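Visitor: Have a peek at target.cif (mmCIF, C-alpha atoms and all ligand atoms).
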data_query
#
loop_
_atom_site.label_atom_id
_atom_site.label_comp_id
_atom_site.auth_asym_id
_atom_site.auth_seq_id
_atom_site.Cartn_x
_atom_site.Cartn_y
_atom_site.Cartn_z
CA MET A 8 -37.78 -84.75 -207.36
CA LEU A 9 -38.86 -81.12 -206.85
CA GLN A 10 -41.56 -81.55 -209.46
CA ALA A 11 -42.85 -84.62 -207.64
CA ILE A 12 -42.97 -82.71 -204.36
CA ASN A 13 -44.75 -79.77 -206.03
CA GLN A 14 -47.34 -82.18 -207.37
CA LEU A 15 -47.82 -83.57 -203.88
CA THR A 16 -48.36 -80.11 -202.45
CA SER A 17 -50.97 -79.29 -205.03
CA LYS A 18 -52.83 -82.37 -203.76
CA LEU A 19 -53.01 -80.93 -200.25
CA ASN A 20 -56.57 -80.01 -199.42
CA PHE A 21 -56.10 -76.89 -197.33
CA ASP A 22 -59.76 -76.63 -196.33
CA THR A 23 -59.72 -80.13 -194.85
CA LEU A 24 -56.37 -79.48 -193.29
CA ARG A 25 -57.36 -76.15 -191.68
CA ALA A 26 -60.53 -77.74 -190.32
CA GLU A 27 -58.27 -79.89 -188.14
CA PHE A 28 -57.41 -76.75 -186.13
CA PRO A 29 -60.54 -75.32 -184.43
CA ALA A 30 -58.92 -71.93 -183.82
CA LEU A 31 -58.50 -71.39 -187.58
CA ALA A 32 -62.27 -71.20 -187.97
CA SER A 33 -62.08 -67.56 -186.88
CA ASP A 34 -60.83 -65.01 -189.40
CA PHE A 35 -57.94 -63.97 -187.16
CA ILE A 36 -54.61 -64.42 -188.95
CA TYR A 37 -52.15 -66.38 -186.81
CA LEU A 38 -48.62 -65.52 -187.83
CA ASP A 39 -47.00 -66.00 -184.43
CA ASN A 40 -46.57 -69.73 -184.88
CA ALA A 41 -42.98 -69.76 -183.65
CA GLY A 42 -44.44 -68.44 -180.39
CA GLY A 43 -47.00 -71.23 -180.30
CA SER A 44 -48.81 -73.06 -183.07
CA GLN A 45 -52.51 -73.78 -183.15
CA VAL A 46 -53.60 -77.07 -181.58
CA LEU A 47 -55.08 -79.98 -183.46
CA ARG A 48 -58.62 -80.98 -182.53
CA ARG A 49 -57.42 -84.59 -182.30
CA VAL A 50 -54.86 -83.56 -179.69
CA GLY A 51 -57.50 -81.77 -177.61
CA ASP A 52 -59.89 -84.71 -177.96
CA ARG A 53 -57.29 -87.15 -176.73
CA VAL A 54 -56.36 -84.99 -173.73
CA ARG A 55 -60.05 -84.77 -172.79
CA ASP A 56 -60.64 -88.50 -173.36
CA TYR A 57 -57.71 -89.45 -171.17
CA LEU A 58 -58.66 -87.06 -168.38
CA LEU A 59 -62.28 -88.12 -168.31
CA GLY A 60 -61.78 -91.82 -169.02
CA ASN A 61 -58.43 -92.83 -167.56
CA SER A 62 -57.82 -90.79 -164.44
CA VAL A 63 -56.16 -93.47 -162.38
CA GLN A 64 -52.66 -93.95 -161.08
CA LEU A 65 -50.41 -96.12 -163.25
CA GLY A 66 -48.65 -99.28 -162.23
CA ALA A 67 -51.46 -101.02 -160.36
CA SER A 68 -52.72 -104.47 -161.31
CA TYR A 69 -56.36 -103.48 -161.80
CA ARG A 70 -57.74 -103.18 -165.31
CA TYR A 71 -58.10 -99.41 -165.59
CA SER A 72 -54.59 -98.79 -164.37
CA GLN A 73 -53.24 -101.29 -166.91
CA GLU A 74 -55.23 -99.64 -169.70
CA ALA A 75 -54.04 -96.16 -168.75
CA GLY A 76 -50.44 -97.39 -168.56
CA ALA A 77 -50.72 -98.85 -172.06
CA LYS A 78 -51.92 -95.48 -173.37
CA VAL A 79 -48.99 -93.61 -171.85
CA LEU A 80 -46.56 -96.18 -173.28
CA ALA A 81 -48.27 -95.88 -176.67
CA ALA A 82 -47.72 -92.13 -176.47
CA ARG A 83 -44.02 -92.58 -175.84
CA HIS A 84 -43.84 -94.97 -178.77
CA ALA A 85 -45.61 -92.47 -181.04
CA VAL A 86 -43.15 -89.74 -180.04
CA ALA A 87 -40.22 -92.13 -180.60
CA GLU A 88 -41.55 -92.71 -184.10
CA LEU A 89 -42.05 -88.99 -184.71
CA ILE A 90 -38.41 -88.27 -183.87
CA ASN A 91 -36.92 -91.56 -185.14
CA ALA A 92 -35.54 -92.67 -181.78
CA ALA A 93 -34.01 -96.14 -181.91
CA HIS A 94 -35.50 -97.04 -178.51
CA ASP A 95 -38.67 -95.83 -176.77
CA ASP A 96 -36.82 -95.46 -173.47
CA GLU A 97 -34.61 -92.74 -174.97
CA VAL A 98 -37.67 -90.47 -174.92
CA VAL A 99 -37.85 -88.20 -171.86
CA MET A 100 -41.02 -86.14 -171.54
CA GLY A 101 -41.38 -82.95 -169.53
CA SER A 102 -43.30 -79.74 -169.10
CA ALA A 103 -41.24 -77.48 -171.39
CA THR A 104 -37.94 -77.31 -173.22
CA THR A 105 -36.62 -74.85 -170.65
CA ALA A 106 -37.56 -77.17 -167.78
CA LEU A 107 -36.06 -80.21 -169.52
CA MET A 108 -32.82 -78.29 -170.09
CA PHE A 109 -32.58 -77.40 -166.41
CA GLN A 110 -33.30 -81.04 -165.54
CA ILE A 111 -30.78 -82.59 -167.90
CA THR A 112 -27.96 -80.19 -167.01
CA GLN A 113 -28.67 -80.92 -163.33
CA SER A 114 -28.19 -84.56 -164.13
CA ILE A 115 -24.97 -83.84 -166.08
CA LEU A 116 -23.58 -81.68 -163.25
CA PRO A 117 -21.87 -84.46 -161.24
CA SER A 118 -19.88 -85.48 -164.33
CA ILE A 119 -18.35 -82.01 -164.72
CA ARG A 120 -14.75 -81.48 -163.59
CA PRO A 121 -13.07 -78.09 -163.05
CA GLY A 122 -11.70 -76.85 -166.39
CA ASP A 123 -14.14 -78.82 -168.54
CA GLU A 124 -15.28 -76.56 -171.35
CA ILE A 125 -18.80 -75.98 -172.64
CA ILE A 126 -19.45 -74.18 -175.92
CA LEU A 127 -22.70 -72.27 -176.34
CA THR A 128 -23.87 -70.01 -179.17
CA ASN A 129 -25.11 -66.46 -178.88
CA THR A 130 -27.84 -67.22 -181.44
CA ASP A 131 -29.74 -69.65 -179.21
CA HIS A 132 -32.91 -69.12 -177.22
CA GLU A 133 -31.83 -68.75 -173.59
CA ALA A 134 -33.32 -72.19 -172.82
CA ASN A 135 -30.22 -73.80 -174.36
CA ILE A 136 -27.78 -71.34 -172.74
CA GLY A 137 -28.80 -70.47 -169.19
CA ALA A 138 -29.07 -74.03 -167.90
CA TRP A 139 -25.58 -74.81 -169.20
CA THR A 140 -24.03 -71.71 -167.61
CA ARG A 141 -25.11 -73.09 -164.19
CA LEU A 142 -22.45 -75.78 -164.68
CA GLN A 143 -19.85 -73.10 -164.01
CA ALA A 144 -20.64 -73.77 -160.32
CA ALA A 145 -18.84 -77.12 -160.79
CA GLY A 146 -15.85 -75.41 -162.41
CA ALA A 147 -16.92 -75.62 -166.05
CA VAL A 148 -15.58 -72.94 -168.38
CA VAL A 149 -18.18 -71.53 -170.79
CA ARG A 150 -17.09 -70.22 -174.19
CA PHE A 151 -19.32 -68.64 -176.80
CA TRP A 152 -19.48 -69.46 -180.50
CA HIS A 153 -20.50 -66.05 -181.81
CA VAL A 154 -22.67 -65.31 -184.81
CA ASN A 155 -20.92 -63.57 -187.70
CA PRO A 156 -22.64 -60.16 -187.53
CA GLN A 157 -22.23 -59.61 -191.30
CA THR A 158 -23.53 -62.92 -192.62
CA LEU A 159 -25.68 -63.73 -189.55
CA GLU A 160 -24.26 -67.27 -189.75
CA LEU A 161 -22.44 -69.43 -187.22
CA ASP A 162 -19.13 -70.05 -189.02
CA LEU A 163 -17.74 -73.57 -188.65
CA ALA A 164 -14.22 -72.11 -188.74
CA ASP A 165 -15.01 -70.21 -185.52
CA LEU A 166 -16.19 -73.44 -183.91
CA ASP A 167 -12.98 -75.19 -184.93
CA VAL A 168 -10.96 -72.59 -183.02
CA LEU A 169 -12.97 -73.33 -179.86
CA LEU A 170 -12.94 -77.13 -180.08
CA SER A 171 -10.29 -79.01 -178.10
CA PRO A 172 -10.11 -82.16 -175.95
CA LYS A 173 -11.11 -79.97 -172.97
CA VAL A 174 -14.58 -79.47 -174.46
CA LYS A 175 -17.23 -81.74 -172.95
CA TRP A 176 -20.44 -80.26 -174.37
CA VAL A 177 -21.54 -78.07 -177.27
CA ALA A 178 -25.10 -76.72 -177.27
CA MET A 179 -26.70 -75.16 -180.31
CA THR A 180 -29.99 -74.58 -182.03
CA HIS A 181 -31.15 -76.58 -185.05
CA ALA A 182 -32.96 -73.51 -186.39
CA SER A 183 -32.85 -70.02 -184.92
CA ASN A 184 -36.19 -68.75 -183.63
CA VAL A 185 -35.21 -65.26 -184.83
CA LEU A 186 -33.10 -65.75 -187.98
CA GLY A 187 -34.98 -68.80 -189.23
CA THR A 188 -31.64 -70.24 -190.38
CA ILE A 189 -31.23 -74.02 -190.24
CA ASN A 190 -27.84 -75.00 -188.89
CA PRO A 191 -25.93 -78.05 -190.22
CA VAL A 192 -26.06 -79.90 -186.91
CA HIS A 193 -24.85 -83.22 -188.35
CA VAL A 194 -21.68 -81.50 -189.61
CA VAL A 195 -21.19 -79.89 -186.20
CA ALA A 196 -21.81 -83.24 -184.50
CA GLU A 197 -18.95 -84.86 -186.45
CA ARG A 198 -16.53 -82.14 -185.36
CA VAL A 199 -17.75 -82.22 -181.77
CA HIS A 200 -17.41 -86.00 -181.56
CA ARG A 201 -13.92 -85.87 -183.05
CA VAL A 202 -12.68 -84.11 -179.89
CA GLY A 203 -14.64 -86.47 -177.64
CA ALA A 204 -17.37 -83.96 -176.73
CA ARG A 205 -21.15 -84.23 -177.00
CA LEU A 206 -23.76 -82.13 -178.78
CA CYS A 207 -27.09 -80.89 -177.40
CA VAL A 208 -29.52 -79.52 -179.99
CA ASP A 209 -32.53 -77.27 -179.38
CA ALA A 210 -34.99 -78.05 -182.18
CA VAL A 211 -37.94 -76.00 -180.96
CA ALA A 212 -37.89 -73.72 -184.00
CA TYR A 213 -37.11 -76.58 -186.40
CA ALA A 214 -39.56 -79.33 -185.47
CA PRO A 215 -42.73 -77.61 -186.79
CA HIS A 216 -41.17 -77.38 -190.27
CA ARG A 217 -39.11 -80.52 -190.95
CA LEU A 218 -39.51 -84.14 -189.91
CA VAL A 219 -37.19 -84.62 -186.96
CA ASP A 220 -34.67 -87.43 -187.21
CA VAL A 221 -32.64 -87.56 -184.03
CA GLN A 222 -30.38 -90.30 -185.36
CA ALA A 223 -29.54 -88.45 -188.58
CA SER A 224 -28.94 -85.23 -186.64
CA GLY A 225 -25.84 -86.74 -185.02
CA ALA A 226 -26.80 -85.05 -181.72
CA ASP A 227 -26.46 -86.69 -178.33
CA LEU A 228 -29.34 -84.75 -176.78
CA TYR A 229 -32.20 -83.27 -178.80
CA VAL A 230 -35.12 -81.30 -177.39
CA PHE A 231 -38.26 -79.49 -178.53
CA SER A 232 -41.72 -78.44 -177.37
CA PHE A 233 -45.03 -79.79 -178.64
CA TYR A 234 -46.90 -76.52 -178.34
CA LYS A 235 -44.95 -75.33 -181.38
CA VAL A 236 -45.82 -78.55 -183.24
CA PHE A 237 -49.63 -78.42 -183.11
CA GLY A 238 -49.80 -80.02 -179.66
CA PRO A 239 -50.05 -79.12 -175.97
CA HIS A 240 -47.70 -77.23 -173.64
CA TYR A 241 -45.38 -80.16 -173.22
CA ALA A 242 -41.91 -81.16 -174.43
CA VAL A 243 -39.61 -84.04 -175.31
CA LEU A 244 -35.93 -84.56 -174.74
CA TRP A 245 -34.25 -87.41 -176.58
CA GLY A 246 -30.88 -88.74 -175.52
CA ARG A 247 -28.70 -91.59 -176.71
CA ARG A 248 -29.36 -94.59 -174.54
CA GLU A 249 -25.76 -95.10 -173.32
CA LEU A 250 -25.60 -91.42 -172.45
CA LEU A 251 -28.87 -91.43 -170.49
CA LEU A 252 -27.89 -94.60 -168.66
CA GLY A 253 -24.66 -92.95 -167.50
CA LEU A 254 -26.32 -89.76 -166.20
CA SER A 255 -27.10 -89.27 -162.56
CA SER A 256 -30.68 -89.79 -161.45
CA LEU A 257 -33.08 -86.95 -160.67
CA ASN A 258 -35.48 -89.34 -159.00
CA HIS A 259 -35.80 -91.12 -155.64
CA PHE A 260 -32.87 -93.15 -154.28
CA PHE A 261 -34.75 -96.41 -154.87
CA ILE A 262 -35.27 -95.69 -158.61
CA SER A 263 -32.36 -97.49 -160.24
CA GLY A 264 -29.94 -95.63 -162.51
CA ALA A 265 -30.86 -98.10 -165.24
CA THR A 266 -34.50 -97.01 -165.18
CA ILE A 267 -34.60 -94.69 -168.16
CA PRO A 268 -36.37 -92.47 -168.80
CA TYR A 269 -38.05 -92.57 -165.36
CA LYS A 270 -34.93 -91.58 -163.47
CA LEU A 271 -34.93 -88.33 -165.49
CA GLN A 272 -38.68 -87.69 -165.09
CA PRO A 273 -39.09 -86.86 -161.40
CA GLY A 274 -42.77 -86.98 -160.47
CA ASN A 275 -43.41 -88.84 -163.73
CA VAL A 276 -44.82 -87.52 -166.98
CA ASN A 277 -48.11 -85.76 -167.58
CA TYR A 278 -50.30 -88.66 -168.70
CA GLU A 279 -53.03 -86.74 -170.50
CA LEU A 280 -50.66 -84.48 -172.41
CA SER A 281 -48.52 -87.47 -173.38
CA TYR A 282 -51.60 -89.18 -174.72
CA GLY A 283 -52.63 -86.01 -176.56
CA CYS A 284 -49.35 -86.04 -178.48
CA ILE A 285 -50.41 -89.19 -180.32
CA GLY A 286 -52.81 -86.84 -182.16
CA ILE A 287 -49.86 -85.03 -183.77
CA VAL A 288 -48.53 -88.26 -185.23
CA ASP A 289 -52.02 -89.37 -186.35
CA TYR A 290 -52.45 -86.09 -188.17
CA LEU A 291 -49.12 -86.35 -189.99
CA LEU A 292 -49.88 -89.93 -191.01
CA ASP A 293 -53.25 -88.88 -192.37
CA VAL A 294 -51.77 -85.96 -194.31
CA GLY A 295 -49.17 -88.33 -195.77
CA ALA A 296 -51.89 -90.81 -196.73
CA GLN A 297 -53.99 -88.02 -198.25
CA LEU A 298 -50.97 -87.26 -200.44
CA GLY A 299 -50.84 -90.87 -201.60
CA ALA A 300 -47.98 -92.05 -199.42
CA THR A 301 -47.96 -95.71 -198.49
CA GLY A 302 -45.46 -97.78 -196.55
CA THR A 303 -43.84 -96.96 -193.24
CA ALA A 304 -45.11 -94.36 -190.79
CA ARG A 305 -41.86 -92.42 -191.18
CA HIS A 306 -42.34 -92.32 -194.95
CA LYS A 307 -45.90 -90.99 -194.61
CA MET A 308 -44.79 -88.33 -192.16
CA GLN A 309 -41.89 -87.40 -194.45
CA VAL A 310 -44.27 -86.92 -197.37
CA ALA A 311 -46.45 -84.68 -195.20
CA PHE A 312 -43.48 -82.55 -194.15
CA ASP A 313 -42.16 -82.37 -197.73
CA ALA A 314 -45.49 -80.90 -198.78
CA PHE A 315 -45.51 -78.49 -195.82
CA GLU A 316 -42.01 -77.35 -196.76
CA VAL A 317 -42.94 -76.49 -200.34
CA HIS A 318 -46.05 -74.59 -199.23
CA GLU A 319 -44.24 -72.77 -196.40
CA ASN A 320 -41.41 -71.79 -198.74
CA ALA A 321 -43.90 -70.31 -201.19
CA LEU A 322 -45.50 -68.21 -198.42
CA ALA A 323 -42.12 -67.19 -197.02
CA GLU A 324 -40.96 -66.16 -200.49
CA GLN A 325 -44.15 -64.11 -200.94
CA LEU A 326 -43.32 -62.10 -197.81
CA LEU A 327 -39.55 -61.97 -198.39
CA THR A 328 -40.08 -60.69 -201.95
CA TYR A 329 -42.13 -57.82 -200.54
CA LEU A 330 -39.60 -57.09 -197.78
CA ARG A 331 -36.67 -57.18 -200.25
CA SER A 332 -38.45 -54.60 -202.40
CA LYS A 333 -38.42 -52.07 -199.53
CA LYS A 334 -35.27 -49.94 -199.22
CA ASN A 335 -36.03 -49.12 -195.58
CA VAL A 336 -36.35 -52.75 -194.50
CA ARG A 337 -33.53 -54.97 -193.27
CA ILE A 338 -34.26 -58.70 -193.19
CA ILE A 339 -32.59 -60.27 -190.14
CA GLY A 340 -31.80 -63.70 -191.56
CA LEU A 341 -31.39 -65.29 -194.99
CA PRO A 342 -33.15 -63.02 -197.52
CA ASP A 343 -34.67 -65.85 -199.57
CA THR A 344 -35.62 -69.50 -199.39
CA THR A 345 -33.55 -70.79 -202.32
CA SER A 346 -30.84 -72.42 -200.23
CA GLY A 347 -33.43 -74.59 -198.44
CA ARG A 348 -31.70 -73.49 -195.23
CA ARG A 349 -34.45 -71.46 -193.65
CA VAL A 350 -37.72 -72.11 -191.90
CA PRO A 351 -40.55 -69.60 -192.51
CA THR A 352 -39.77 -67.58 -189.36
CA ILE A 353 -39.02 -64.16 -190.79
CA SER A 354 -37.59 -61.27 -188.78
CA PHE A 355 -36.98 -57.74 -190.00
CA MET A 356 -36.37 -54.12 -189.00
CA VAL A 357 -37.80 -50.97 -190.48
CA ASP A 358 -35.20 -48.16 -190.54
CA GLY A 359 -35.74 -45.54 -187.88
CA THR A 360 -38.88 -47.26 -186.57
CA MET A 361 -39.37 -49.03 -183.27
CA SER A 362 -40.46 -52.61 -183.98
CA GLU A 363 -43.37 -52.14 -181.62
CA THR A 364 -44.81 -49.44 -183.90
CA VAL A 365 -45.07 -51.89 -186.80
CA VAL A 366 -46.77 -54.57 -184.71
CA LEU A 367 -49.20 -52.23 -182.96
CA HIS A 368 -50.31 -51.11 -186.41
CA THR A 369 -50.96 -54.64 -187.75
CA ASP A 370 -52.67 -55.58 -184.45
CA ARG A 371 -55.56 -53.38 -185.55
CA PHE A 372 -56.33 -55.61 -188.54
CA GLY A 373 -56.80 -59.02 -186.96
CA ILE A 374 -53.23 -60.13 -187.54
CA GLY A 375 -51.10 -61.84 -184.88
CA ILE A 376 -47.41 -61.05 -185.32
CA ARG A 377 -45.04 -59.80 -182.65
CA PHE A 378 -41.83 -57.93 -181.81
CA GLY A 379 -39.03 -58.41 -179.30
CA ASP A 380 -35.98 -60.56 -178.63
CA PHE A 381 -37.91 -63.84 -178.29
CA TYR A 382 -35.55 -64.82 -175.47
CA ALA A 383 -32.68 -64.88 -177.97
CA LYS A 384 -31.54 -61.83 -176.05
CA ARG A 385 -27.84 -62.34 -176.65
CA LEU A 386 -28.36 -62.42 -180.43
CA ILE A 387 -30.52 -59.31 -180.48
CA GLU A 388 -27.98 -57.46 -178.31
CA ALA A 389 -25.01 -58.68 -180.38
CA LEU A 390 -26.69 -57.22 -183.47
CA GLY A 391 -27.50 -53.95 -181.64
CA LEU A 392 -31.22 -54.41 -182.30
CA ASN A 393 -32.32 -54.11 -178.67
CA VAL A 394 -32.43 -50.30 -179.00
CA TRP A 395 -35.22 -50.76 -181.56
CA GLY A 396 -37.20 -53.04 -179.24
CA GLY A 397 -35.91 -56.13 -181.05
CA VAL A 398 -37.15 -57.34 -184.41
CA VAL A 399 -40.58 -57.69 -185.97
CA ARG A 400 -41.18 -61.43 -186.38
CA VAL A 401 -43.68 -63.08 -188.72
CA SER A 402 -43.75 -66.82 -188.22
CA ILE A 403 -45.63 -68.95 -190.71
CA ALA A 404 -47.03 -72.47 -190.31
CA HIS A 405 -48.16 -74.90 -192.99
CA TYR A 406 -51.83 -74.00 -192.41
CA ASN A 407 -51.36 -70.37 -193.36
CA THR A 408 -52.53 -69.21 -196.77
CA ARG A 409 -51.45 -66.86 -199.57
CA ALA A 410 -54.48 -64.68 -198.85
CA GLU A 411 -53.33 -64.26 -195.24
CA ILE A 412 -49.85 -63.19 -196.33
CA ASP A 413 -51.43 -60.75 -198.84
CA HIS A 414 -53.50 -59.25 -196.04
CA LEU A 415 -50.41 -58.91 -193.86
CA ILE A 416 -48.39 -57.28 -196.66
CA ARG A 417 -51.18 -54.78 -197.36
CA HIS A 418 -51.17 -53.59 -193.76
CA LEU A 419 -47.40 -53.78 -193.34
CA ASP A 420 -47.13 -51.49 -196.33
CA GLU A 421 -49.21 -48.82 -194.57
CA VAL A 422 -46.55 -48.56 -191.90
CA ILE A 423 -43.41 -49.39 -193.92
CA GLY A 424 -44.39 -46.99 -196.72
C1 LIG A 501 -35.84 -71.97 -180.12
C2 LIG A 501 -36.54 -72.07 -178.80
N1 LIG A 501 -35.99 -72.80 -177.84
C3 LIG A 501 -36.58 -72.96 -176.64
C4 LIG A 501 -37.78 -72.36 -176.36
C5 LIG A 501 -38.40 -72.55 -175.01
O1 LIG A 501 -39.39 -73.51 -175.06
P1 LIG A 501 -40.32 -73.75 -173.78
O2 LIG A 501 -41.29 -72.61 -173.74
O3 LIG A 501 -40.98 -75.06 -174.04
O4 LIG A 501 -39.45 -73.78 -172.59
C6 LIG A 501 -38.41 -71.57 -177.33
C7 LIG A 501 -39.68 -70.89 -177.05
O5 LIG A 501 -40.07 -69.98 -177.72
C8 LIG A 501 -37.76 -71.42 -178.59
O6 LIG A 501 -38.30 -70.70 -179.56
#
Here is a file; write its structure as structure tokens.
Ligand SMILES: Cc1ncc(COP(=O)(O)O)c(C=O)c1O

Guide:
Amino acid sequence: MLQAINQLTSKLNFDTLRAEFPALASDFIYLDNAGGSQVLRRVGDRVRDYLLGNSVQLGASYRYSQEAGAKVLAARHAVAELINAAHDDEVVMGSATTALMFQITQSILPSIRPGDEIILTNTDHEANIGAWTRLQAAGAVVRFWHVNPQTLELDLADLDVLLSPKVKWVAMTHASNVLGTINPVHVVAERVHRVGARLCVDAVAYAPHRLVDVQASGADLYVFSFYKVFGPHYAVLWGRRELLLGLSSLNHFFISGATIPYKLQPGNVNYELSYGCIGIVDYLLDVGAQLGATGTARHKMQVAFDAFEVHENALAEQLLTYLRSKKNVRIIGLPDTTSGRRVPTISFMVDGTMSETVVLHTDRFGIGIRFGDFYAKRLIEALGLNVWGGVVRVSIAHYNTRAEIDHLIRHLDEVIG
């Protein structure tokens, strides 16, 4: 199996693939992909085409309105396929993951009773924490599932202690945007469902690196942003149909509660950005086809992501091998890729050095990495890393190259010593 995947990766034509991203034509080295990935030309083209060719209001009987409406529906269908939603109307689109989280928790609010418990993790980006804590206004009790500071893992045994029939929601990240660790959300989902609670998963740091499958994840809500997945500043929230139908509406009184996803999209979606997202799916299908995949769209996209994973792991291992060789470096996350449980988002500390110092040095050589808490403030504080200005984070995407990582290592070494 692994051999087959390796063969596939060697068939990837990186020149063709990089040419899909106009920004990669410069010699700047983008290694801040977990902050925001580069955008596909086909996404930009679609946004422009829609804006210049379809700027009409939807829902009218005239031809152009009908055509525009069909494009927006096609976009929702493409996203449903990308995430493996069983129904297109389970796909809620919005401006950002943070905004969608505030929207969905607002819609959950009326169902909260005093004493209902909500479990959050201290490894998450604040987007999947802060919105939930607002439910305390309705009497919800928030409890934290804390990271094990030694292993940097979320231990399932710690979750088991927190789970009880009082728990209504658990919110966690599929992959940490600091540690890079992939969490076993389907295992968590089973435990959460056993006590009658629901699971909300933030997949922002996961979706650029693995093919999302909302059904296999076991989650009840699943959310991520397209600007991390080669698309525009835009986001999707998927929810199980029965769940969405039961939520209160965020829209006008005359929009029926059965009108999903519209009741959860006040003011409607952004048409041009929705249409742009079709470009992401097109790209993945083409990469899959380039690798010889035939059959269903999901299969082609899976083959593309399998190849990305092998390539990304090789680049991550290249950097991790260097970092492991340095006595004064502490990797904040899994130290290697062998378990298959990490995405190529790599954080580290250099002993006695402010993280800013490392990044300001590499800035001088046309390299884009960064330092900080990345809004996973509670994690950085729990690990006592805030006094060092947070971690240095290098985040790799499938379009990065060995030569780019070599260049980074050369200049990191000047400051790490
Ligand atoms: C893991 C994670 N969750 C949520 C977010 C917030 O996404 P958005 O900017 O779309 O609100 C980010 C952004 O960096 C993130 O990395």

Visitor: Can you work out which residues are within 9 Å of ligand LIG 501 (chain A), considering all atoms listed in the file, and then hand them over as a VMD selection string?

Guide: chain A and resid 41 to 43 102 to 108 131 to 135 180 to 185 209 to 213 230 to 235 240 to 242 381 to 383

Visitor: My list of candidates is A:Ala81, A:Ile111, A:Val236, A:Ala87. Which is closest to Phe312 (chain A) when distances are computed with all atoms listed in the file?

Guide: A:Val236

Visitor: Please list, as a list in words, the residues that have an atom at most 10 Å away from (-38.0, -46.9, -186.5) in the coordinates of this file, counting only C-alpha atoms.

Guide: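 Those residues lying close to the given coordinates are Asn335, Met356, Val357, Asp358, Gly359, Thr360, Met361, Ser362, Glu363, Thr364, Val365, Val394, Trp395, Gly396 and Ile423 of chain A.
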
Visitor: How many Å lie between CA of Ala92 (chain A) and CA of Asp167 (chain A), rounded to one decimal?

Guide: 28.7 Å

Visitor: Nearest to Asp380 (chain A) among A:Gly397, A:Gly424, A:Gly187, A:Pro239, with distances taken over all atoms listed in the file: which residue is it?

Guide: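 Smallest distance to Asp380 (chain A) is found for A:Gly397.
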
Visitor: Identify, on the basis of only C-alpha atoms, every residue whose closest approach to Ser118 (chain A) does not exceed 10 Å; exclude the query and any residue fewer than 5 positions from it along the same chain; express the result as a ChimeraX atom specification.

Guide: /A:113,123,145,175,253-255

Visitor: Set the distance at 7 Å and use all atoms listed in the file: which residues neighbour region 128-130 of chain A once local chain neighbours fewer than 4 positions away are removed? I'd like the list as a VMD selection string.

Guide: chain A and resid 151 to 154 179 183 383 385 to 386

Visitor: Rounded to one decimal, what separation in Å do you get between CA of Leu298 (chain A) and CA of Ala404 (chain A)?

Guide: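 Value for the CA of Leu298 (chain A)-CA of Ala404 (chain A) distance: 18.4 Å.
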
Visitor: With distances taken over only C-alpha atoms, which of A:Gly238, A:Ala323, A:Pro156, A:Val195 is nearest to Leu170 (chain A)?

Guide: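 Once distances to Leu170 (chain A) are computed over only C-alpha atoms, the minimum belongs to A:Val195.
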
Visitor: Excluding same-chain residues fewer than 6 positions from region 97-100 of chain A, what lies within 10 Å of it counting all atoms listed in the file, as number ranges by chain?

Guide: A: 83-84, 86-87, 90, 107, 111, 228-230, 232, 241-252, 267-272, 275-277, 280-281

Visitor: Could you check how far CA of Glu27 (chain A) sits from CA of Met308 (chain A), in Å to one decimal?

Guide: 16.4 Å

Visitor: Using only C-alpha atoms, find the one residue out of A:Ala75, A:Leu116, A:Ala196, A:Leu341 that sits nearest to Tyr282 (chain A).

Guide: A:Ala75

Visitor: Could you check the closest approach to Ser224 (chain A) for each of A:Asn91, A:Phe237, A:Ala164, A:Lys307 and tell me which residue wins, using all atoms listed in the file?

Guide: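 Of all the options, A:Asn91 lies closest to Ser224 (chain A).
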
Visitor: Could you check the closest approach to Ser256 (chain A) for each of A:Thr112, A:Asn155, A:Thr303, A:Ser332 and tell me which residue wins, using all atoms listed in the file?

Guide: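 With all atoms listed in the file as the atom set, the closest residue is A:Thr112.
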
Visitor: Using all atoms listed in the file, can you list as JSON, numbers by chain the residues within 10 Å of (-47.4, -64.2, -188.1)?

Guide: {"A": [36, 37, 38, 39, 40, 41, 42, 351, 352, 353, 374, 375, 376, 377, 399, 400, 401, 402, 403, 404, 407, 411, 412, 415]}

Visitor: Could region 78-83 of chain A be completed with N, CA and C atoms and written as a PDB file, in the coordinates of the input, please?

Guide:
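Contents of the output file part-v1.pdb:
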ATOM      1  N   LYS A  78     -51.759 -96.698-172.569  1.00  0.00           N
ATOM      2  CA  LYS A  78     -51.920 -95.480-173.370  1.00  0.00           C
ATOM      3  C   LYS A  78     -50.695 -94.575-173.244  1.00  0.00           C
ATOM      4  N   VAL A  79     -50.160 -94.477-172.047  1.00  0.00           N
ATOM      5  CA  VAL A  79     -48.990 -93.610-171.850  1.00  0.00           C
ATOM      6  C   VAL A  79     -47.770 -94.214-172.569  1.00  0.00           C
ATOM      7  N   LEU A  80     -47.669 -95.527-172.544  1.00  0.00           N
ATOM      8  CA  LEU A  80     -46.560 -96.180-173.280  1.00  0.00           C
ATOM      9  C   LEU A  80     -46.738 -96.002-174.783  1.00  0.00           C
ATOM     10  N   ALA A  81     -48.006 -96.079-175.233  1.00  0.00           N
ATOM     11  CA  ALA A  81     -48.270 -95.880-176.670  1.00  0.00           C
ATOM     12  C   ALA A  81     -47.868 -94.467-177.086  1.00  0.00           C
ATOM     13  N   ALA A  82     -48.081 -93.513-176.174  1.00  0.00           N
ATOM     14  CA  ALA A  82     -47.720 -92.130-176.470  1.00  0.00           C
ATOM     15  C   ALA A  82     -46.205 -92.009-176.627  1.00  0.00           C
ATOM     16  N   ARG A  83     -45.474 -92.653-175.730  1.00  0.00           N
ATOM     17  CA  ARG A  83     -44.020 -92.580-175.840  1.00  0.00           C
ATOM     18  C   ARG A  83     -43.550 -93.230-177.152  1.00  0.00           C
TER      19      ARG A  83
END
